[in-house]
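As stored in entry_5.cif (mmCIF, C-alpha atoms):
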data_structure
loop_
_atom_site.label_atom_id
_atom_site.label_comp_id
_atom_site.auth_asym_id
_atom_site.auth_seq_id
_atom_site.Cartn_x
_atom_site.Cartn_y
_atom_site.Cartn_z
CA ASN R 1 -31.19 -9.20 13.13
CA ALA R 2 -33.68 -11.57 14.73
CA GLU R 3 -36.01 -8.67 15.53
CA CYS R 4 -35.85 -7.37 11.95
CA LYS R 5 -36.53 -10.84 10.58
CA SER R 6 -39.49 -11.35 12.91
CA ARG R 7 -40.99 -8.03 11.73
CA GLY R 8 -40.50 -9.10 8.11
CA ASP R 9 -38.09 -6.19 7.61
CA SER R 10 -35.51 -8.04 5.49
CA ASP R 11 -34.00 -4.78 4.17
CA SER R 12 -32.78 -3.96 7.69
CA VAL R 13 -31.08 -7.29 8.31
CA VAL R 14 -27.30 -6.92 8.54
CA HIS R 15 -25.41 -9.28 6.21
CA PRO R 16 -21.77 -10.33 6.19
CA GLY R 17 -19.89 -7.80 4.07
CA ASP R 18 -22.17 -4.90 5.06
CA LEU R 19 -20.22 -1.88 6.29
CA ILE R 20 -21.15 0.00 9.42
CA VAL R 21 -20.48 3.65 8.63
CA GLU R 22 -22.14 5.27 11.66
CA VAL R 23 -23.19 4.20 15.15
CA GLU R 24 -25.55 6.61 16.91
CA GLY R 25 -24.47 9.30 14.42
CA ALA R 26 -20.75 8.88 15.13
CA ASP R 27 -18.52 8.02 12.19
CA ASP R 28 -15.11 7.68 13.85
CA GLN R 29 -14.10 4.16 14.78
CA LEU R 30 -13.26 4.82 18.44
CA THR R 31 -16.65 6.37 19.21
CA MET R 32 -18.49 3.75 17.16
CA ARG R 33 -16.77 0.93 19.07
CA ARG R 34 -17.49 2.60 22.40
CA HIS R 35 -21.21 2.86 21.56
CA LEU R 36 -21.31 -0.78 20.49
CA ARG R 37 -19.62 -1.91 23.74
CA GLU R 38 -21.50 0.29 26.16
CA ARG R 39 -25.08 0.36 24.88
CA ASP R 40 -27.70 -2.36 24.80
CA ALA R 41 -29.32 -0.96 21.64
CA VAL R 42 -27.86 1.31 18.97
CA SER R 43 -28.87 2.96 15.73
CA LEU R 44 -26.63 1.96 12.82
CA THR R 45 -26.05 3.40 9.38
CA ILE R 46 -24.95 0.62 7.07
CA GLU R 47 -23.80 0.54 3.47
CA ARG R 48 -24.32 -2.53 1.32
CA TRP R 49 -22.05 -2.40 -1.68
CA ALA R 50 -22.79 -3.90 -5.06
CA THR R 51 -20.66 -6.88 -6.01
CA HIS R 52 -19.78 -5.27 -9.38
CA TRP R 53 -18.52 -1.76 -10.06
CA GLN R 54 -16.83 0.26 -12.78
CA ALA R 55 -13.73 2.40 -12.90
CA LYS R 56 -12.52 4.56 -15.77
CA LEU R 57 -8.80 5.22 -15.99
CA GLN R 58 -6.85 7.43 -18.36
CA ARG R 59 -3.14 8.03 -18.74
CA ASP R 60 -1.03 10.42 -20.80
CA SER R 61 1.14 7.79 -22.49
CA VAL R 62 1.56 4.02 -22.63
CA GLU R 63 4.86 4.45 -20.78
CA GLN R 64 2.93 5.70 -17.75
CA PRO R 65 1.51 2.71 -15.85
CA PHE R 66 -2.17 2.71 -14.91
CA GLY R 67 -1.03 1.81 -11.41
CA ILE R 68 -3.11 -1.34 -11.19
CA GLU R 69 -1.13 -4.55 -10.74
CA VAL R 70 -2.91 -7.71 -11.83
CA GLU R 71 -2.08 -11.37 -11.93
CA VAL R 72 -3.71 -14.37 -13.55
CA GLU R 73 -5.16 -16.79 -11.03
CA LEU R 74 -5.66 -20.42 -11.99
CA ARG R 75 -8.78 -21.79 -10.36
CA ALA R 76 -9.39 -25.37 -9.22
CA ASP R 77 -11.61 -26.04 -12.26
CA GLY R 78 -8.81 -25.02 -14.63
CA SER R 79 -10.33 -21.67 -15.57
CA LYS R 80 -8.40 -18.44 -15.15
CA ARG R 81 -9.29 -15.00 -13.87
CA LEU R 82 -7.52 -11.67 -13.59
CA ILE R 83 -7.10 -10.45 -10.00
CA VAL R 84 -5.95 -7.06 -8.72
CA PHE R 85 -3.04 -7.60 -6.35
CA GLY R 86 -1.80 -4.06 -5.92
CA ILE R 87 -2.34 -0.36 -6.55
CA THR R 88 0.70 1.82 -7.26
CA ASP R 89 1.25 5.41 -8.35
CA GLY R 90 -0.78 6.31 -11.40
CA PRO R 91 -4.38 6.81 -12.52
CA ALA R 92 -5.71 3.94 -10.36
CA LYS R 93 -4.32 5.53 -7.21
CA ALA R 94 -5.72 8.91 -8.31
CA TRP R 95 -9.13 7.27 -8.97
CA ASN R 96 -9.06 5.80 -5.46
CA GLY R 97 -8.14 9.17 -3.96
CA VAL R 98 -11.06 10.92 -5.66
CA ALA R 99 -13.46 8.14 -4.61
CA SER R 100 -12.20 8.28 -1.02
CA SER R 101 -12.47 12.08 -0.84
CA ALA R 102 -16.04 11.83 -2.11
CA LYS R 103 -16.75 9.08 0.48
CA GLN R 104 -17.60 6.73 -2.39
CA TYR R 105 -15.65 3.91 -0.84
CA HIS R 106 -17.53 1.33 -2.89
CA ALA R 107 -15.79 2.67 -6.03
CA ILE R 108 -12.23 2.17 -4.76
CA ILE R 109 -10.16 -0.37 -6.69
CA VAL R 110 -8.98 -2.85 -4.10
CA PRO R 111 -6.49 -5.71 -4.09
CA GLY R 112 -8.34 -8.99 -4.32
CA ALA R 113 -10.96 -7.72 -6.78
CA GLU R 114 -11.53 -9.67 -9.96
CA VAL R 115 -11.24 -7.79 -13.26
CA LEU R 116 -14.23 -8.97 -15.31
CA SER R 117 -13.61 -6.80 -18.36
CA VAL R 118 -11.31 -4.09 -19.68
CA SER R 119 -12.90 -1.79 -22.27
CA GLY R 120 -15.39 -4.51 -23.17
CA HIS R 121 -12.81 -7.30 -23.47
CA THR R 122 -13.28 -10.35 -21.27
CA ASP R 123 -10.48 -12.56 -22.59
CA ILE R 124 -7.51 -12.49 -20.19
CA LEU R 125 -4.92 -11.78 -22.89
CA ALA R 126 -7.06 -9.03 -24.43
CA MET R 127 -7.61 -7.43 -21.02
CA GLN R 128 -3.88 -7.50 -20.29
CA ASP R 129 -3.17 -6.05 -23.75
CA CYS R 130 -5.53 -3.13 -23.05
CA LEU R 131 -3.88 -2.49 -19.69
CA ASP R 132 -0.47 -2.49 -21.42
CA ASN R 133 -1.30 -0.49 -24.57
CA ALA R 134 -4.46 1.61 -24.23
CA LEU R 135 -4.52 5.23 -23.05
CA LYS R 136 -8.03 4.85 -21.59
CA VAL R 137 -9.65 1.80 -20.04
CA ASP R 138 -13.10 1.11 -18.67
CA LEU R 139 -12.84 -1.57 -16.00
CA VAL R 140 -15.62 -3.75 -14.65
CA LEU R 141 -14.59 -5.26 -11.33
CA ARG R 142 -16.15 -7.74 -8.94
CA ARG R 143 -15.75 -8.12 -5.21
CA LEU R 144 -14.79 -11.68 -4.42
CA PRO R 145 -16.21 -13.55 -1.44
CA SER R 146 -14.86 -12.49 1.91
CA PRO R 147 -11.64 -14.26 2.88
CA ILE R 148 -12.56 -14.00 6.56
CA PRO R 149 -13.34 -17.46 7.96
CA GLY R 150 -16.94 -17.90 8.97
CA THR R 151 -18.28 -15.07 6.82
CA ALA R 152 -20.37 -15.29 3.67
CA PRO R 153 -19.72 -13.70 0.28
CA TYR R 154 -20.67 -10.05 -0.18
CA HIS R 155 -24.29 -9.50 -1.21
#

Take the structure from the file and write it as structure tokens.
Amino acid sequence: NAECKSRGDSDSVVHPGDLIVEVEGADDQLTMRRHLRERDAVSLTIERWATHWQAKLQRDSVEQPFGIEVEVELRADGSKRLIVFGITDGPAKAWNGVASSAKQYHAIIVPGAEVLSVSGHTDILAMQDCLDNALKVDLVLRRLPSPIPGTAPYH
């Protein structure tokens, strides 16, 4: 990082939350770790994910769950937000499977993400109503800051 900064190459600086997807061309974790341990210098391929992303889910009937479990979180300032706390069988799990197969890991709906809107609605009750009663929903989600001590929020 220091070398990149000294060259003025800020795009190549690794930030907390960046994902190393290859080390010296290897994409399996064992080989990547071995290269990082054994070599003084390595070539990395890194992905930097956007903080916001969209997911479109559709179900056959309102009896079928979307497979996205959410809960209302009360923040210290008294405001509320809708947080994903689980993915179960249903369209959300299928969405994640398609994204994973396509190696579009940034599009996977993950526990801990904040639901910013559901089909254009930003009010918590309206978002929950859509998740309960709509056949199709367009979600806008946000990655929350990293819970790992000593790391910064995703950029």

### Summary
Across R:Arg37, R:Arg48, R:His121, R:Lys5, the smallest distance to Val23 in chain R, with all atoms listed in the file counted, is shown by R:Arg37

Residue by residue, what does the PyMOL selection byres ((chain R and resi 42-47) around 8) grab here? Present the result as an mmCIF file with C-alpha atoms, in the coordinates of the input.
data_model
loop_
_atom_site.group_PDB
_atom_site.id
_atom_site.type_symbol
_atom_site.label_atom_id
_atom_site.label_comp_id
_atom_site.auth_asym_id
_atom_site.auth_seq_id
_atom_site.Cartn_x
_atom_site.Cartn_y
_atom_site.Cartn_z
ATOM 1 C CA ASP R 18 -22.170 -4.900 5.060
ATOM 2 C CA LEU R 19 -20.220 -1.880 6.290
ATOM 3 C CA ILE R 20 -21.150 0.000 9.420
ATOM 4 C CA VAL R 21 -20.480 3.650 8.630
ATOM 5 C CA GLU R 22 -22.140 5.270 11.660
ATOM 6 C CA VAL R 23 -23.190 4.200 15.150
ATOM 7 C CA GLU R 24 -25.550 6.610 16.910
ATOM 8 C CA GLY R 25 -24.470 9.300 14.420
ATOM 9 C CA HIS R 35 -21.210 2.860 21.560
ATOM 10 C CA LEU R 36 -21.310 -0.780 20.490
ATOM 11 C CA ARG R 39 -25.080 0.360 24.880
ATOM 12 C CA ASP R 40 -27.700 -2.360 24.800
ATOM 13 C CA ALA R 41 -29.320 -0.960 21.640
ATOM 14 C CA ARG R 48 -24.320 -2.530 1.320
ATOM 15 C CA TRP R 49 -22.050 -2.400 -1.680
#

### Message
Under the rule that only C-alpha atoms are counted, which of R:Ala99, R:Gln128, R:Ala50, R:Pro145 is the nearest residue to Val70 in chain R?
### Response
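Checking each candidate against Val70 in chain R, we get R:Gln128 as the closest.
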
### Message
Report, in Å to a single decimal, how far apart CA of Gly86 in chain R and CA of Ile68 in chain R are.
### Response
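That distance, rounded to one decimal, is 6.1 Å.
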
Output as lines of an AutoDock Vina configuration file the centre and edge lengths (Å, one decimal) of the box along x, y and z of the file that holds every listed atom of range 60-66 of chain R after adding 4 Å on each side.
center_x = 1.3
center_y = 6.6
center_z = -18.8
size_x = 15.0
size_y = 15.7
size_z = 15.7

### Query
Between R:His106, R:Lys56, R:Lys80, R:His15, which is the closest to Ala92 in chain R once you count all atoms listed in the file?
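Going through R:His106, R:Lys56, R:Lys80, R:His15 one by one, the smallest distance to Ala92 in chain R is for R:Lys56.
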
### Query
Suppose you want the space between CA of Leu131 in chain R and CA of Gln54 in chain R; what is it in Å?
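Result for CA of Leu131 in chain R versus CA of Gln54 in chain R: 14.9 Å, one decimal.
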
#### Entry: Top pick for closest residue to Arg81 in chain R, considering R:Gly112, R:Pro16, R:Gly97, R:Gly120 and counting only C-alpha atoms
R:Gly112

### Task
Could you state which residues are captured by the PyMOL selection byres ((chain R and resi 135) around 8) in this file, as a PyMOL selection string?
chain R and resi 58-62+133-134+136-137

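The space between CA of Gln104 in chain R and CA of Leu82 in chain R spans 23.8 Å.
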